[in-house]
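> Next comes the structure file structure-v2.cif, holding mmCIF, C-alpha atoms (C1' of nucleotides).
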data_run
loop_
_atom_site.label_atom_id
_atom_site.label_comp_id
_atom_site.auth_asym_id
_atom_site.auth_seq_id
_atom_site.Cartn_x
_atom_site.Cartn_y
_atom_site.Cartn_z
CA MET A 1314 -61.76 12.75 -47.23
CA ALA A 1315 -62.10 16.47 -47.68
CA LEU A 1316 -59.93 18.19 -45.10
CA GLU A 1317 -57.34 18.41 -47.85
CA HIS A 1318 -59.74 20.37 -49.96
CA ALA A 1319 -60.91 22.57 -47.15
CA LEU A 1320 -57.26 23.45 -46.56
CA LEU A 1321 -56.78 24.18 -50.25
CA VAL A 1322 -59.72 26.58 -50.16
CA ALA A 1323 -58.43 28.27 -47.03
CA LEU A 1324 -54.90 28.58 -48.44
CA ARG A 1325 -56.16 30.03 -51.69
CA GLU A 1326 -58.00 32.69 -49.77
CA GLN A 1327 -54.79 33.41 -47.87
CA PRO A 1328 -51.49 31.47 -47.47
CA ALA A 1329 -50.86 30.51 -43.85
CA SER A 1330 -48.96 28.29 -41.45
CA GLY A 1331 -50.44 25.21 -39.80
CA LEU A 1332 -51.30 26.94 -36.57
CA GLU A 1333 -52.79 29.93 -38.35
CA LEU A 1334 -54.99 27.57 -40.34
CA SER A 1335 -55.97 25.86 -37.13
CA ARG A 1336 -57.04 29.19 -35.69
CA ARG A 1337 -58.85 30.17 -38.84
CA PHE A 1338 -60.69 26.85 -38.71
CA GLY A 1339 -61.86 27.83 -35.27
CA LYS A 1340 -63.65 30.73 -36.90
CA SER A 1341 -65.15 31.19 -40.33
CA ILE A 1342 -64.66 27.97 -42.25
CA GLY A 1343 -64.41 26.03 -39.01
CA HIS A 1344 -68.10 26.49 -38.38
CA PHE A 1345 -68.61 24.07 -41.23
CA TRP A 1346 -65.45 22.05 -41.05
CA SER A 1347 -63.51 21.68 -37.83
CA ALA A 1348 -60.06 20.18 -37.39
CA THR A 1349 -57.43 20.06 -34.67
CA HIS A 1350 -53.95 21.37 -35.29
CA GLN A 1351 -52.48 17.86 -35.20
CA GLN A 1352 -54.75 16.74 -37.99
CA ILE A 1353 -53.94 19.86 -39.97
CA TYR A 1354 -50.19 19.29 -39.60
CA LYS A 1355 -50.56 15.70 -40.71
CA VAL A 1356 -52.62 16.58 -43.76
CA LEU A 1357 -50.39 19.52 -44.69
CA ALA A 1358 -47.36 17.19 -44.63
CA ARG A 1359 -49.13 14.78 -46.94
CA MET A 1360 -50.24 17.58 -49.24
CA GLU A 1361 -46.67 18.84 -49.44
CA ALA A 1362 -45.46 15.33 -50.28
CA ASP A 1363 -48.12 15.18 -52.99
CA GLY A 1364 -46.97 18.51 -54.38
CA TRP A 1365 -50.24 20.29 -53.71
CA VAL A 1366 -48.62 22.94 -51.53
CA VAL A 1367 -45.15 24.35 -50.91
CA ALA A 1368 -43.85 25.50 -47.54
CA GLU A 1369 -41.69 28.54 -46.96
CA THR A 1370 -40.04 28.96 -43.58
CA VAL A 1371 -40.67 32.43 -42.22
CA VAL A 1372 -38.47 33.76 -39.43
CA GLN A 1373 -40.34 35.73 -36.80
CA GLN A 1374 -39.18 38.08 -34.08
CA GLY A 1375 -39.73 36.84 -30.56
CA ARG A 1376 -41.44 33.70 -31.83
CA PRO A 1377 -40.46 30.35 -33.33
CA ASP A 1378 -40.14 30.11 -37.09
CA LYS A 1379 -43.28 29.20 -38.95
CA LYS A 1380 -43.86 27.33 -42.16
CA VAL A 1381 -46.18 29.24 -44.44
CA TYR A 1382 -47.91 27.08 -47.03
CA ASP A 1383 -49.08 28.17 -50.44
CA VAL A 1384 -50.97 26.28 -53.12
CA THR A 1385 -49.10 25.01 -56.18
CA PRO A 1386 -50.56 24.69 -59.70
CA ALA A 1387 -51.01 20.97 -58.97
CA GLY A 1388 -52.97 21.90 -55.86
CA ARG A 1389 -55.11 24.26 -57.89
CA GLU A 1390 -55.85 21.45 -60.32
CA ALA A 1391 -56.76 19.12 -57.49
CA LEU A 1392 -59.14 21.72 -56.13
CA VAL A 1393 -60.87 22.21 -59.48
CA ALA A 1394 -61.11 18.44 -59.98
CA TRP A 1395 -62.69 18.09 -56.55
CA LEU A 1396 -65.24 20.80 -57.29
CA ALA A 1397 -66.39 18.76 -60.30
CA THR A 1398 -66.83 15.69 -58.11
CA PRO A 1399 -70.35 14.85 -56.90
CA THR A 1400 -70.87 16.01 -53.35
CA PRO A 1401 -71.89 13.21 -50.96
CA GLU A 1402 -74.36 13.90 -48.20
CA SER A 1403 -72.53 15.01 -45.12
CA PRO A 1404 -73.46 12.54 -42.41
CA LEU A 1405 -75.45 14.28 -39.72
CA ARG A 1406 -74.97 13.36 -36.10
CA SER A 1407 -76.95 14.83 -33.30
CA GLU A 1408 -76.14 13.34 -29.94
CA LEU A 1409 -78.86 15.55 -28.54
CA ALA A 1410 -81.50 13.93 -30.73
CA VAL A 1411 -80.44 10.50 -29.51
CA LYS A 1412 -80.70 11.69 -25.93
CA MET A 1413 -84.15 13.09 -26.59
CA ARG A 1414 -85.31 9.71 -27.74
CA GLY A 1415 -83.63 8.05 -24.77
CA ALA A 1416 -85.03 10.40 -22.16
CA SER A 1417 -88.14 8.25 -21.72
CA PHE A 1418 -85.94 5.44 -20.42
CA GLY A 1419 -84.00 7.50 -17.92
CA GLY A 1420 -86.60 8.13 -15.23
CA SER A 1421 -87.10 11.58 -13.81
CA ALA A 1422 -83.36 12.11 -13.34
CA GLY A 1423 -82.64 11.23 -16.94
CA ARG A 1424 -85.46 13.45 -18.15
CA ALA A 1425 -84.15 16.37 -16.12
CA ALA A 1426 -80.62 15.84 -17.38
CA VAL A 1427 -81.74 15.86 -20.99
CA LEU A 1428 -83.75 19.02 -20.43
CA GLU A 1429 -80.67 20.63 -18.98
CA SER A 1430 -78.58 19.60 -21.98
CA VAL A 1431 -81.21 21.02 -24.31
CA ARG A 1432 -81.24 24.31 -22.42
CA GLN A 1433 -77.47 24.47 -22.58
CA HIS A 1434 -77.40 23.84 -26.31
CA ALA A 1435 -80.16 26.36 -26.91
CA ALA A 1436 -78.07 28.96 -25.10
CA ASP A 1437 -75.02 28.00 -27.18
CA HIS A 1438 -76.92 28.30 -30.42
CA GLU A 1439 -78.35 31.65 -29.40
CA LEU A 1440 -74.86 32.90 -28.65
CA ARG A 1441 -73.50 31.71 -31.96
CA LEU A 1442 -76.46 33.19 -33.78
CA ASP A 1443 -75.75 36.55 -32.19
CA HIS A 1444 -72.15 36.22 -33.25
CA TYR A 1445 -73.10 35.47 -36.86
CA ARG A 1446 -75.52 38.37 -36.95
CA HIS A 1447 -72.82 40.63 -35.61
CA LEU A 1448 -70.45 39.45 -38.33
CA THR A 1449 -73.13 40.10 -40.93
CA LYS A 1450 -73.68 43.63 -39.72
CA ARG A 1451 -69.96 44.31 -39.56
CA ASP A 1452 -68.88 42.75 -42.86
CA TYR A 1453 -71.97 43.01 -45.04
CA PRO A 1454 -73.90 46.05 -43.82
CA ASP A 1455 -75.60 46.43 -47.22
CA GLY A 1456 -76.48 42.78 -47.69
CA PRO A 1457 -75.30 40.86 -50.74
CA ALA A 1458 -75.60 43.81 -53.09
CA GLY A 1459 -72.37 44.94 -54.72
CA LEU A 1460 -70.14 42.17 -53.44
CA SER A 1461 -67.38 40.52 -55.43
CA PRO A 1462 -67.92 36.83 -56.29
CA LEU A 1463 -65.59 35.76 -53.49
CA GLU A 1464 -67.31 38.00 -50.96
CA LEU A 1465 -70.72 36.90 -52.14
CA ASP A 1466 -69.83 33.25 -51.54
CA GLN A 1467 -68.48 34.06 -48.11
CA TYR A 1468 -71.66 35.95 -47.36
CA LEU A 1469 -73.81 33.04 -48.50
CA VAL A 1470 -71.94 30.55 -46.34
CA LEU A 1471 -72.45 32.84 -43.39
CA ARG A 1472 -76.15 32.95 -44.27
CA GLY A 1473 -76.11 29.16 -44.12
CA GLY A 1474 -74.74 29.33 -40.61
CA ILE A 1475 -77.45 31.74 -39.58
CA LEU A 1476 -80.26 29.69 -41.08
CA LEU A 1477 -78.83 26.57 -39.48
CA GLU A 1478 -78.62 28.15 -36.05
CA GLU A 1479 -82.10 29.56 -36.35
CA GLY A 1480 -83.43 26.13 -37.21
CA GLN A 1481 -81.68 24.48 -34.29
CA LEU A 1482 -82.87 27.14 -31.93
CA ALA A 1483 -86.46 26.82 -33.13
CA TRP A 1484 -86.26 23.07 -32.63
CA LEU A 1485 -84.87 23.20 -29.11
CA THR A 1486 -87.36 25.91 -28.16
CA GLU A 1487 -90.17 23.72 -29.39
CA TYR A 1488 -88.79 20.84 -27.33
CA LEU A 1489 -88.58 22.92 -24.19
CA GLU A 1490 -92.10 24.25 -24.64
CA ALA A 1491 -93.48 20.76 -25.20
CA HIS A 1492 -91.81 19.59 -21.99
CA SER A 1493 -92.71 22.53 -19.81
CA MET B 1115 -68.26 7.62 -28.68
CA ALA B 1116 -72.01 7.40 -28.71
CA LEU B 1117 -73.00 4.71 -31.16
CA GLU B 1118 -73.18 2.45 -28.13
CA HIS B 1119 -75.76 4.71 -26.59
CA ALA B 1120 -77.73 5.15 -29.78
CA LEU B 1121 -77.93 1.36 -29.95
CA LEU B 1122 -79.06 1.19 -26.32
CA VAL B 1123 -81.86 3.65 -27.08
CA ALA B 1124 -82.91 1.73 -30.16
CA LEU B 1125 -82.84 -1.60 -28.34
CA ARG B 1126 -84.87 -0.25 -25.47
CA GLU B 1127 -87.53 0.85 -27.91
CA GLN B 1128 -87.47 -2.64 -29.41
CA PRO B 1129 -84.99 -5.56 -29.13
CA ALA B 1130 -83.49 -6.42 -32.48
CA SER B 1131 -80.70 -8.17 -34.36
CA GLY B 1132 -77.71 -6.43 -35.86
CA LEU B 1133 -79.13 -6.24 -39.34
CA GLU B 1134 -82.53 -5.08 -38.12
CA LEU B 1135 -80.81 -2.31 -36.21
CA SER B 1136 -78.86 -1.44 -39.32
CA ARG B 1137 -82.10 -1.12 -41.26
CA ARG B 1138 -83.75 0.87 -38.51
CA PHE B 1139 -80.77 3.21 -38.52
CA GLY B 1140 -81.45 3.78 -42.18
CA LYS B 1141 -84.77 5.24 -41.15
CA SER B 1142 -85.94 7.02 -38.03
CA ILE B 1143 -82.93 7.32 -35.72
CA GLY B 1144 -80.59 7.06 -38.66
CA HIS B 1145 -81.51 10.52 -39.82
CA PHE B 1146 -79.61 11.74 -36.81
CA TRP B 1147 -77.10 8.98 -36.34
CA SER B 1148 -76.04 6.78 -39.21
CA ALA B 1149 -74.00 3.59 -39.00
CA THR B 1150 -73.14 0.72 -41.30
CA HIS B 1151 -73.94 -2.84 -40.33
CA GLN B 1152 -70.26 -3.69 -39.87
CA GLN B 1153 -69.87 -0.94 -37.34
CA ILE B 1154 -73.05 -2.04 -35.59
CA TYR B 1155 -71.83 -5.64 -35.37
CA LYS B 1156 -68.52 -4.53 -33.96
CA VAL B 1157 -70.10 -2.33 -31.33
CA LEU B 1158 -72.74 -4.90 -30.41
CA ALA B 1159 -69.99 -7.46 -29.81
CA ARG B 1160 -68.21 -5.05 -27.52
CA MET B 1161 -71.41 -4.19 -25.71
CA GLU B 1162 -72.11 -7.86 -25.16
CA ALA B 1163 -68.60 -8.34 -23.79
CA ASP B 1164 -69.23 -5.40 -21.47
CA GLY B 1165 -72.48 -6.94 -20.29
CA TRP B 1166 -74.67 -4.12 -21.58
CA VAL B 1167 -76.71 -6.41 -23.80
CA VAL B 1168 -77.45 -10.12 -24.09
CA ALA B 1169 -77.95 -11.98 -27.34
CA GLU B 1170 -80.49 -14.68 -27.93
CA THR B 1171 -80.23 -16.75 -31.06
CA VAL B 1172 -83.56 -16.89 -32.82
CA VAL B 1173 -84.17 -19.62 -35.36
CA GLN B 1174 -86.06 -18.39 -38.41
CA GLN B 1175 -87.88 -20.26 -41.12
CA GLY B 1176 -86.34 -19.95 -44.53
CA ARG B 1177 -83.67 -17.60 -43.22
CA PRO B 1178 -80.41 -17.81 -41.33
CA ASP B 1179 -80.57 -17.65 -37.56
CA LYS B 1180 -80.37 -14.18 -36.12
CA LYS B 1181 -79.04 -12.92 -32.82
CA VAL B 1182 -81.58 -10.71 -31.12
CA TYR B 1183 -80.07 -8.34 -28.60
CA ASP B 1184 -81.77 -7.01 -25.50
CA VAL B 1185 -80.57 -4.50 -22.94
CA THR B 1186 -79.42 -5.77 -19.52
CA PRO B 1187 -79.81 -3.88 -16.23
CA ALA B 1188 -76.15 -2.88 -16.59
CA GLY B 1189 -76.97 -1.50 -20.01
CA ARG B 1190 -79.86 0.42 -18.59
CA GLU B 1191 -77.55 1.92 -15.97
CA ALA B 1192 -75.05 2.87 -18.64
CA LEU B 1193 -77.80 4.60 -20.58
CA VAL B 1194 -78.98 6.59 -17.58
CA ALA B 1195 -75.42 7.53 -16.70
CA TRP B 1196 -74.85 8.73 -20.26
CA LEU B 1197 -78.00 10.85 -20.16
CA ALA B 1198 -76.59 12.67 -17.14
CA THR B 1199 -73.36 13.36 -18.99
CA PRO B 1200 -72.91 16.81 -20.56
CA THR B 1201 -73.65 16.70 -24.28
CA PRO B 1202 -70.75 17.88 -26.43
CA GLU B 1203 -71.44 19.86 -29.57
CA SER B 1204 -71.83 17.52 -32.47
CA PRO B 1205 -69.19 18.54 -34.99
CA LEU B 1206 -70.82 19.91 -38.09
CA ARG B 1207 -69.38 19.19 -41.51
CA SER B 1208 -70.77 20.55 -44.69
CA GLU B 1209 -68.72 19.65 -47.71
CA LEU B 1210 -71.12 21.77 -49.72
CA ALA B 1211 -70.24 24.87 -47.72
CA VAL B 1212 -66.54 24.28 -48.40
CA LYS B 1213 -67.26 23.92 -52.10
CA MET B 1214 -69.25 27.14 -52.05
CA ARG B 1215 -66.26 28.97 -50.69
CA GLY B 1216 -63.98 27.28 -53.18
CA ALA B 1217 -66.14 27.98 -56.22
CA SER B 1218 -64.46 31.34 -56.80
CA PHE B 1219 -61.19 29.51 -57.47
CA GLY B 1220 -62.57 26.99 -59.92
CA GLY B 1221 -63.22 29.13 -62.97
CA SER B 1222 -66.48 28.86 -64.84
CA ALA B 1223 -66.38 25.06 -64.87
CA GLY B 1224 -65.90 24.92 -61.12
CA ARG B 1225 -68.67 27.43 -60.58
CA ALA B 1226 -71.06 25.43 -62.74
CA ALA B 1227 -70.16 22.19 -60.96
CA VAL B 1228 -70.84 23.70 -57.55
CA LEU B 1229 -74.17 25.07 -58.74
CA GLU B 1230 -75.08 21.61 -59.95
CA SER B 1231 -74.15 20.09 -56.58
CA VAL B 1232 -76.26 22.66 -54.81
CA ARG B 1233 -79.24 21.95 -57.06
CA GLN B 1234 -78.85 18.23 -56.41
CA HIS B 1235 -78.72 18.71 -52.67
CA ALA B 1236 -81.69 21.03 -52.73
CA ALA B 1237 -83.68 18.35 -54.54
CA ASP B 1238 -82.57 15.76 -51.96
CA HIS B 1239 -83.58 17.95 -49.06
CA GLU B 1240 -86.93 18.66 -50.63
CA LEU B 1241 -87.54 14.95 -51.05
CA ARG B 1242 -86.62 14.19 -47.48
CA LEU B 1243 -88.76 17.05 -46.25
CA ASP B 1244 -91.73 15.61 -48.10
CA HIS B 1245 -91.00 12.26 -46.51
CA TYR B 1246 -90.88 13.73 -43.02
CA ARG B 1247 -94.11 15.61 -43.59
CA HIS B 1248 -95.73 12.45 -44.79
CA LEU B 1249 -94.56 10.63 -41.66
CA THR B 1250 -95.96 13.43 -39.53
CA LYS B 1251 -99.35 13.24 -41.19
CA ARG B 1252 -99.42 9.48 -40.91
CA ASP B 1253 -98.18 9.04 -37.36
CA TYR B 1254 -99.19 12.27 -35.65
CA PRO B 1255 -102.29 13.53 -37.44
CA ASP B 1256 -103.37 15.49 -34.35
CA GLY B 1257 -100.00 17.03 -33.60
CA PRO B 1258 -98.32 16.53 -30.23
CA ALA B 1259 -101.59 16.60 -28.28
CA GLY B 1260 -102.40 13.44 -26.37
CA LEU B 1261 -99.17 11.59 -27.03
CA SER B 1262 -97.39 9.38 -24.50
CA PRO B 1263 -93.98 10.64 -23.31
CA LEU B 1264 -92.19 8.21 -25.64
CA GLU B 1265 -94.32 9.23 -28.61
CA LEU B 1266 -93.93 12.90 -27.79
CA ASP B 1267 -90.15 12.56 -27.86
CA GLN B 1268 -90.25 10.71 -31.15
CA TYR B 1269 -92.50 13.43 -32.52
CA LEU B 1270 -90.14 16.14 -31.37
CA VAL B 1271 -87.13 14.49 -32.96
CA LEU B 1272 -89.07 14.26 -36.20
CA ARG B 1273 -89.86 17.96 -35.84
CA GLY B 1274 -86.13 18.56 -35.55
CA GLY B 1275 -85.62 16.78 -38.84
CA ILE B 1276 -88.27 18.92 -40.48
CA LEU B 1277 -86.87 22.18 -39.17
CA LEU B 1278 -83.38 21.14 -40.20
CA GLU B 1279 -84.43 20.26 -43.74
CA GLU B 1280 -86.40 23.48 -44.06
CA GLY B 1281 -83.35 25.43 -42.98
CA GLN B 1282 -81.07 23.67 -45.44
CA LEU B 1283 -83.54 24.13 -48.24
CA ALA B 1284 -83.94 27.83 -47.49
CA TRP B 1285 -80.17 28.19 -47.53
CA LEU B 1286 -79.61 26.42 -50.83
CA THR B 1287 -82.51 28.30 -52.40
CA GLU B 1288 -80.96 31.56 -51.32
CA TYR B 1289 -77.66 30.45 -52.81
CA LEU B 1290 -79.25 29.57 -56.14
CA GLU B 1291 -81.13 32.84 -56.31
CA ALA B 1292 -78.00 34.82 -55.53
CA HIS B 1293 -76.17 33.05 -58.34
CA SER B 1294 -78.91 33.18 -60.95
"C1'" DC C 1148 -80.03 -29.72 -60.67
"C1'" DG C 1149 -77.49 -25.36 -61.12
"C1'" DG C 1150 -77.04 -20.59 -60.72
"C1'" DA C 1151 -78.46 -16.13 -59.08
"C1'" DG C 1152 -79.46 -13.56 -55.44
"C1'" DG C 1153 -81.16 -12.35 -50.65
"C1'" DC C 1154 -80.32 -12.71 -45.51
"C1'" DT C 1155 -77.24 -12.85 -41.61
"C1'" DT C 1156 -73.09 -12.58 -39.46
"C1'" DG C 1157 -68.54 -11.48 -39.47
"C1'" DC C 1158 -63.12 -10.58 -40.64
"C1'" DA C 1159 -59.30 -7.68 -42.38
"C1'" DA C 1160 -57.25 -3.68 -43.89
"C1'" DC C 1161 -57.41 0.86 -44.22
"C1'" DT C 1162 -58.31 5.93 -43.44
"C1'" DC C 1163 -59.77 9.61 -40.55
"C1'" DG C 1164 -59.56 11.89 -36.42
"C1'" DT C 1165 -58.62 12.43 -31.35
"C1'" DT C 1166 -55.82 12.44 -27.16
"C1'" DG C 1167 -51.80 12.89 -24.90
"C1'" DC C 1168 -47.31 14.04 -24.95
"C1'" DA C 1169 -42.63 16.10 -26.52
"C1'" DT C 1170 -39.56 19.65 -28.08
"C1'" DA C 1171 -37.64 24.12 -28.34
"C1'" DG C 1172 -37.46 28.87 -28.04
"C1'" DG C 1173 -39.65 33.21 -26.31
"C1'" DT C 1174 -42.11 36.29 -22.94
"C1'" DA C 1175 -43.92 37.68 -18.56
"C1'" DT C 1176 -44.12 37.57 -13.47
"C1'" DG C 1177 -42.54 37.36 -8.89
"C1'" DC D 883 -33.28 33.26 -11.74
"C1'" DA D 884 -37.22 30.16 -11.49
"C1'" DT D 885 -41.64 29.34 -12.79
"C1'" DA D 886 -45.27 29.48 -15.74
"C1'" DC D 887 -47.24 30.18 -19.94
"C1'" DC D 888 -47.41 31.19 -25.18
"C1'" DT D 889 -46.08 29.98 -30.01
"C1'" DA D 890 -45.07 26.54 -33.29
"C1'" DT D 891 -44.31 22.04 -34.93
"C1'" DG D 892 -44.63 17.38 -34.53
"C1'" DC D 893 -44.79 12.04 -32.86
"C1'" DA D 894 -47.19 7.93 -31.07
"C1'" DA D 895 -50.99 5.41 -29.77
"C1'" DC D 896 -55.50 4.74 -29.91
"C1'" DG D 897 -60.47 4.65 -31.32
"C1'" DA D 898 -64.02 5.33 -34.69
"C1'" DG D 899 -65.73 4.42 -39.09
"C1'" DT D 900 -65.45 2.79 -44.06
"C1'" DT D 901 -64.66 -0.46 -47.77
"C1'" DG D 902 -64.23 -4.79 -49.53
"C1'" DC D 903 -64.78 -9.33 -49.02
"C1'" DA D 904 -66.23 -14.03 -47.28
"C1'" DA D 905 -68.99 -17.72 -45.43
"C1'" DG D 906 -73.17 -20.23 -44.66
"C1'" DC D 907 -77.81 -20.84 -45.47
"C1'" DC D 908 -81.96 -20.10 -47.73
"C1'" DT D 909 -85.37 -19.32 -51.81
"C1'" DC D 910 -86.51 -18.67 -56.51
"C1'" DC D 911 -86.25 -19.58 -61.33
"C1'" DG D 912 -85.11 -21.87 -65.57
#
Let's see the structure in the file written out as structure tokens.


Amino acid sequence: MALEHALLVALREQPASGLELSRRFGKSIGHFWSATHQQIYKVLARMEADGWVVAETVVQQGRPDKKVYDVTPAGREALVAWLATPTPESPLRSELAVKMRGASFGGSAGRAAVLESVRQHAADHELRLDHYRHLTKRDYPDGPAGLSPLELDQYLVLRGGILLEEGQLAWLTEYLEAHS
Amino acid sequence: MALEHALLVALREQPASGLELSRRFGKSIGHFWSATHQQIYKVLARMEADGWVVAETVVQQGRPDKKVYDVTPAGREALVAWLATPTPESPLRSELAVKMRGASFGGSAGRAAVLESVRQHAADHELRLDHYRHLTKRDYPDGPAGLSPLELDQYLVLRGGILLEEGQLAWLTEYLEAHS
DNA sequence: CGGAGGCTTGCAACTCGTTGCATAGGTATG
DNA sequence: CATACCTATGCAACGAGTTGCAAGCCTCCG
């Protein structure tokens, strides 16, 4: 279980309400750790009960109140303790890879459907890659030189996203060429 | 839910018992879709109830009986229908990426621990990459030329594994260099 | 013979995460 | 004003997956 810790990291970068976290998870961190708002609310409630975070109700104009969470010293300790924990392999699951291996059993219709899925995913990855490259240009125009530790780490995670997308794209391209 | 379909693909390549499937999932397909034997047993039972597979008890010498499952026509239909289904993005989760972003909040001990995790993972990826390359040399010494459709697809999935590991390794190497 | 350990199947309890819905106030549109 | 939609939080039910354990049967070894 690590959503707790992902939330701790996000909240230490910037305190936020549940929905704001949910939106943030749809962007930067979310590319490596997704979660729905229901799950986030559930986990935030547990973290508050455990004393890892405290909530402060913030009144807004023209909008419902929101509960902004911040990390407590106990939460900070939990985060440090987790960092020292060995990191298990994140299980990898590629439905597309399974379909590739199943395409031989699907006749011509199955084969065509899998090809179409691969094309679709290739387009998605290309789009996301463009997005990451745009973020790089916007936020780190000079590369990693002269960044603070926090910024450097954010940059490096973004680099991971780029390398990942490039790898996926290369794979799917190779698949399409082999089946053309 | 796609473990069902991964099992259908595996069983169409070769009928097998629950434990044999579990072992096979630790190898080829398992690199893209892992599952424990308990989960496999549960899903196989459901698939049998749904009429997707039939079990035949095979008596073994010096070993307990095993139930070998084979795919029924209904199972074949389910597989083809699934192939025609749009393929959702497989959610990506990298605990390591979260730790990278959290390292700035862990002091020097946290930073060192994250570096150690990254080194460990880099070593793991290197090992797996070697394994994949060995498999390639052994099973596809001439590359994709002259392979049957089934073999070609298996080759391409293996290629995906290689490209993925190369990408991960490049990422972690970049991280280590940036923090050296 | 007795014990250790492997193979095979499976149950039970639990956690994690998703899906669908509910509530309650606010804004915008016709 | 009625309708529809947005923000924000949350509940309930379900499904997927993990962990721990158990049972039965076999072989191997001392």

> Translate the PyMOL selection byres ((chain C) within 9 of (chain A)) into a concrete residue list for this structure, as a list in words.

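Applied to this file, the PyMOL selection byres ((chain C) within 9 of (chain A)) returns DT1162, DC1163, DG1164, DT1165, DA1171, DG1172, DG1173 and DT1174 of chain C.
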
> Write out the residues from the selection above, keeping C-alpha atoms (C1' of nucleotides), as a compact mmCIF listing (two decimals), in the frame of the given file.


# COMPACT_ATOMS: atom_id res chain seq x y z
C1' DT C 1162 -58.31 5.93 -43.44
C1' DC C 1163 -59.77 9.61 -40.55
C1' DG C 1164 -59.56 11.89 -36.42
C1' DT C 1165 -58.62 12.43 -31.35
C1' DA C 1171 -37.64 24.12 -28.34
C1' DG C 1172 -37.46 28.87 -28.04
C1' DG C 1173 -39.65 33.21 -26.31
C1' DT C 1174 -42.11 36.29 -22.94

> By how many Å are CA of Arg1160 (chain B) and CA of Ala1192 (chain B) apart?

13.7 Å

> What separation in Å, quoted to one decimal, exists between CA of His1344 (chain A) and CA of His1318 (chain A)?

15.5 Å

> For the PyMOL selection byres ((chain D and resi 883) around 12), applied here, can you spell out every residue it catches as a list in words?

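Selected by the PyMOL selection byres ((chain D and resi 883) around 12) here: DT1176 and DG1177 of chain C; DA884 and DT885 of chain D.
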
> Compile a residue-level contact table for chain D against chain A at a cut-off of 10 Å, reporting for every qualifying residue the shortest atom pair and its distance in Å to one decimal, with all atoms listed in the file counted, rows ordered by chain and ascending number, as JSON lines.


{"residue": "D:DC888", "atom": "C1'", "partner": "A:Arg1376", "partner_atom": "CA", "distance": 9.3}
{"residue": "D:DT889", "atom": "C1'", "partner": "A:Arg1376", "partner_atom": "CA", "distance": 6.2}
{"residue": "D:DA890", "atom": "C1'", "partner": "A:Pro1377", "partner_atom": "CA", "distance": 6.0}
{"residue": "D:DT891", "atom": "C1'", "partner": "A:Tyr1354", "partner_atom": "CA", "distance": 8.0}
{"residue": "D:DG892", "atom": "C1'", "partner": "A:Tyr1354", "partner_atom": "CA", "distance": 7.8}
{"residue": "D:DC893", "atom": "C1'", "partner": "A:Gln1351", "partner_atom": "CA", "distance": 9.9}

> Using C-alpha atoms (C1' of nucleotides), can you write the selected residues to a file as a compact mmCIF listing (two decimals), in the frame of the given file?


# COMPACT_ATOMS: atom_id res chain seq x y z
C1' DC D 888 -47.41 31.19 -25.18
C1' DT D 889 -46.08 29.98 -30.01
C1' DA D 890 -45.07 26.54 -33.29
C1' DT D 891 -44.31 22.04 -34.93
C1' DG D 892 -44.63 17.38 -34.53
C1' DC D 893 -44.79 12.04 -32.86

> Spell out the residues picked by the PyMOL selection byres ((chain B and resi 1278) around 12) here, as a ChimeraX atom specification.

/A:1405,1407,1473-1474,1476-1485 /B:1145-1146,1239-1240,1242-1243,1246,1271-1277,1279-1285

> So that I can check the surroundings of Ala1397 (chain A), please list as a ChimeraX atom specification every protein, DNA and RNA residue that reaches within 8 Å of it, counting only C-alpha atoms (C1' of nucleotides) and ignoring chain neighbours fewer than 6 positions away.

/B:1223-1224,1227-1228

> Need to verify the contact set: DA895 (chain D), 12 Å, all atoms listed in the file, exclusion of same-chain residues closer than 4 positions in sequence. Can you return it as a ChimeraX atom specification?

/C:1165-1168

> Would you write out those residues with C-alpha atoms (C1' of nucleotides), as a PDB file, in the coordinates of the input?


ATOM      1  C1'  DT C1165     -58.620  12.430 -31.350  1.00  0.00           C
ATOM      2  C1'  DT C1166     -55.820  12.440 -27.160  1.00  0.00           C
ATOM      3  C1'  DG C1167     -51.800  12.890 -24.900  1.00  0.00           C
ATOM      4  C1'  DC C1168     -47.310  14.040 -24.950  1.00  0.00           C
TER       5       DC C1168
END

> CA of Arg1207 (chain B) and CA of Trp1346 (chain A) are how many Å apart?

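Atom-to-atom, CA of Arg1207 (chain B) and CA of Trp1346 (chain A) are spaced 4.9 Å apart.
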
> Env of Ser1493 (chain A): 12 Å cut, atoms = only C-alpha atoms (C1' of nucleotides), seq-sep filter 5 positions within chain, self excluded. Answer as JSON, numbers by chain.

{"A": [1424, 1425, 1428, 1432, 1486, 1487, 1488]}

> Take the residues that were just selected and, keeping C-alpha atoms, output them as an mmCIF file, keeping the file's coordinate frame.


data_model
loop_
_atom_site.group_PDB
_atom_site.id
_atom_site.type_symbol
_atom_site.label_atom_id
_atom_site.label_comp_id
_atom_site.auth_asym_id
_atom_site.auth_seq_id
_atom_site.Cartn_x
_atom_site.Cartn_y
_atom_site.Cartn_z
ATOM 1 C CA ARG A 1424 -85.460 13.450 -18.150
ATOM 2 C CA ALA A 1425 -84.150 16.370 -16.120
ATOM 3 C CA LEU A 1428 -83.750 19.020 -20.430
ATOM 4 C CA ARG A 1432 -81.240 24.310 -22.420
ATOM 5 C CA THR A 1486 -87.360 25.910 -28.160
ATOM 6 C CA GLU A 1487 -90.170 23.720 -29.390
ATOM 7 C CA TYR A 1488 -88.790 20.840 -27.330
#

> Given the choices B:Gly1260, B:Gly1220, B:Pro1129, B:Pro1255, which gets closest to chain A if the distance is worked out from all atoms listed in the file?

B:Gly1220

> Find the residue from B:Ser1142, B:Thr1186, B:Gln1174, B:Ser1218 that sits nearest to chain A; use all atoms listed in the file when measuring.

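Closest to chain A, using all atoms listed in the file: B:Ser1218.
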